[in-house]
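File shown: entry_3.pdb (PDB, C-alpha atoms).
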```pdb
ATOM      1  CA  MET A   1     -14.852 -73.489 154.952
ATOM      2  CA  PRO A   2     -15.509 -77.258 154.764
ATOM      3  CA  TYR A   3     -17.966 -78.758 157.238
ATOM      4  CA  VAL A   4     -17.861 -82.533 157.805
ATOM      5  CA  THR A   5     -20.421 -84.521 159.794
ATOM      6  CA  VAL A   6     -19.551 -87.993 161.053
ATOM      7  CA  LYS A   7     -22.514 -90.038 162.259
ATOM      8  CA  MET A   8     -21.686 -93.144 164.273
ATOM      9  CA  LEU A   9     -22.968 -95.341 167.049
ATOM     10  CA  GLU A  10     -22.024 -94.294 170.550
ATOM     11  CA  GLY A  11     -19.289 -96.139 172.376
ATOM     12  CA  ARG A  12     -16.006 -94.620 171.252
ATOM     13  CA  ASN A  13     -13.759 -93.095 173.898
ATOM     14  CA  GLU A  14     -12.440 -89.535 173.872
ATOM     15  CA  GLU A  15      -9.052 -90.527 172.440
ATOM     16  CA  GLN A  16     -10.727 -92.301 169.491
ATOM     17  CA  LYS A  17     -12.916 -89.272 168.780
ATOM     18  CA  ARG A  18      -9.918 -86.941 169.046
ATOM     19  CA  ALA A  19      -7.974 -89.080 166.567
ATOM     20  CA  LEU A  20     -10.994 -89.195 164.225
ATOM     21  CA  VAL A  21     -11.250 -85.403 164.166
ATOM     22  CA  GLU A  22      -7.502 -85.085 163.515
ATOM     23  CA  LYS A  23      -7.491 -87.634 160.661
ATOM     24  CA  VAL A  24     -10.641 -86.273 159.011
ATOM     25  CA  THR A  25      -9.204 -82.757 159.174
ATOM     26  CA  GLU A  26      -5.947 -83.939 157.602
ATOM     27  CA  ALA A  27      -7.772 -85.800 154.812
ATOM     28  CA  VAL A  28     -10.036 -82.865 153.976
ATOM     29  CA  SER A  29      -7.112 -80.448 153.997
ATOM     30  CA  GLU A  30      -5.028 -82.681 151.729
ATOM     31  CA  THR A  31      -7.823 -83.303 149.236
ATOM     32  CA  THR A  32      -9.398 -79.845 149.100
ATOM     33  CA  GLY A  33      -6.477 -77.574 149.888
ATOM     34  CA  ALA A  34      -8.430 -75.963 152.721
ATOM     35  CA  ALA A  35      -6.410 -74.773 155.692
ATOM     36  CA  PRO A  36      -6.890 -77.034 158.742
ATOM     37  CA  GLU A  37      -8.051 -74.100 160.866
ATOM     38  CA  LYS A  38     -10.953 -73.606 158.443
ATOM     39  CA  ILE A  39     -12.216 -77.207 158.636
ATOM     40  CA  VAL A  40     -15.060 -78.024 161.017
ATOM     41  CA  VAL A  41     -15.810 -81.626 162.033
ATOM     42  CA  PHE A  42     -19.058 -82.549 163.776
ATOM     43  CA  ILE A  43     -19.466 -85.912 165.501
ATOM     44  CA  GLU A  44     -23.062 -87.064 165.920
ATOM     45  CA  GLU A  45     -23.383 -90.117 168.132
ATOM     46  CA  MET A  46     -26.474 -92.295 167.967
ATOM     47  CA  SER A  47     -27.614 -94.719 170.608
ATOM     48  CA  LYS A  48     -28.214 -98.305 169.508
ATOM     49  CA  ASN A  49     -31.924 -97.974 170.273
ATOM     50  CA  HIS A  50     -32.148 -95.141 167.699
ATOM     51  CA  TYR A  51     -30.563 -97.157 164.873
ATOM     52  CA  GLY A  52     -31.996-100.073 162.960
ATOM     53  CA  VAL A  53     -30.683-102.529 160.384
ATOM     54  CA  ALA A  54     -32.788-105.089 158.515
ATOM     55  CA  GLY A  55     -35.901-104.119 160.431
ATOM     56  CA  LYS A  56     -34.380-104.472 163.904
ATOM     57  CA  ARG A  57     -32.919-101.985 166.321
ATOM     58  CA  LEU A  58     -29.327-102.721 167.208
ATOM     59  CA  SER A  59     -30.236-102.486 170.887
ATOM     60  CA  ASP A  60     -32.591-105.476 170.435
ATOM     61  CA  GLU A  61     -29.836-107.798 169.280
TER      62      GLU A  61
END
```
Rewrite the structure of this file - the entire thing - as structure tokens.
Amino acid sequence: MPYVTVKMLEGRNEEQKRALVEKVTEAVSETTGAAPEKIVVFIEEMSKNHYGVAGKRLSDE
């Protein structure tokens, strides 16, 4: 049973997240041969104040 975790900044709407789960499931099924009903996709959203690039939080920009 494949488990996939997608980490991304918050801000996507429900339709975008739904489409992401569908596309990731399709890609994993096609590449691994796993049945779609056995594929689990986790979405972990991070706030911009919990994410930094080049020494600065994204919320500070």
Near stretch 26-34 of chain A, within 9 Å and counting only C-alpha atoms, which residues show up once chain neighbours fewer than 6 positions away are dropped, as a ChimeraX atom specification?
-> /A:1-2,4
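Taking atom CA of A:Arg12 as the reference point, atom CA of A:Thr25 is found at 18.2 Å.
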Hey, what's within 10 Å of stretch 45-60 of chain A if we count only C-alpha atoms and toss same-chain stuff fewer than 6 positions away? As a PyMOL selection string, please?
-> chain A and resi 6-12
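Coordinates place atom CA of A:Phe42 at a distance of 13.9 Å from atom CA of A:Glu14.
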Can you work out the spacing between atom CA of A:Val40 and atom CA of A:Glu15 in Å, to one decimal?
->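 Separation of atom CA of A:Val40 and atom CA of A:Glu15: 18.0 Å.
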Quick one: 6 Å padding each side, axis-aligned, all listed atoms of stretch 22-34 of chain A - centre and edge lengths in Å to one decimal, as lines of an AutoDock Vina configuration file?
```
center_x = -7.8
center_y = -81.8
center_z = 156.3
size_x = 17.6
size_y = 23.7
size_z = 26.4
```
Please work out which residues fall within 6 Å of (-14.5, -84.3, 163.0), coordinates as given in the file, with only C-alpha atoms counting, and return them as a list in words.
-> Val21, Val24, Val41, Phe42 and Ile43 of chain A
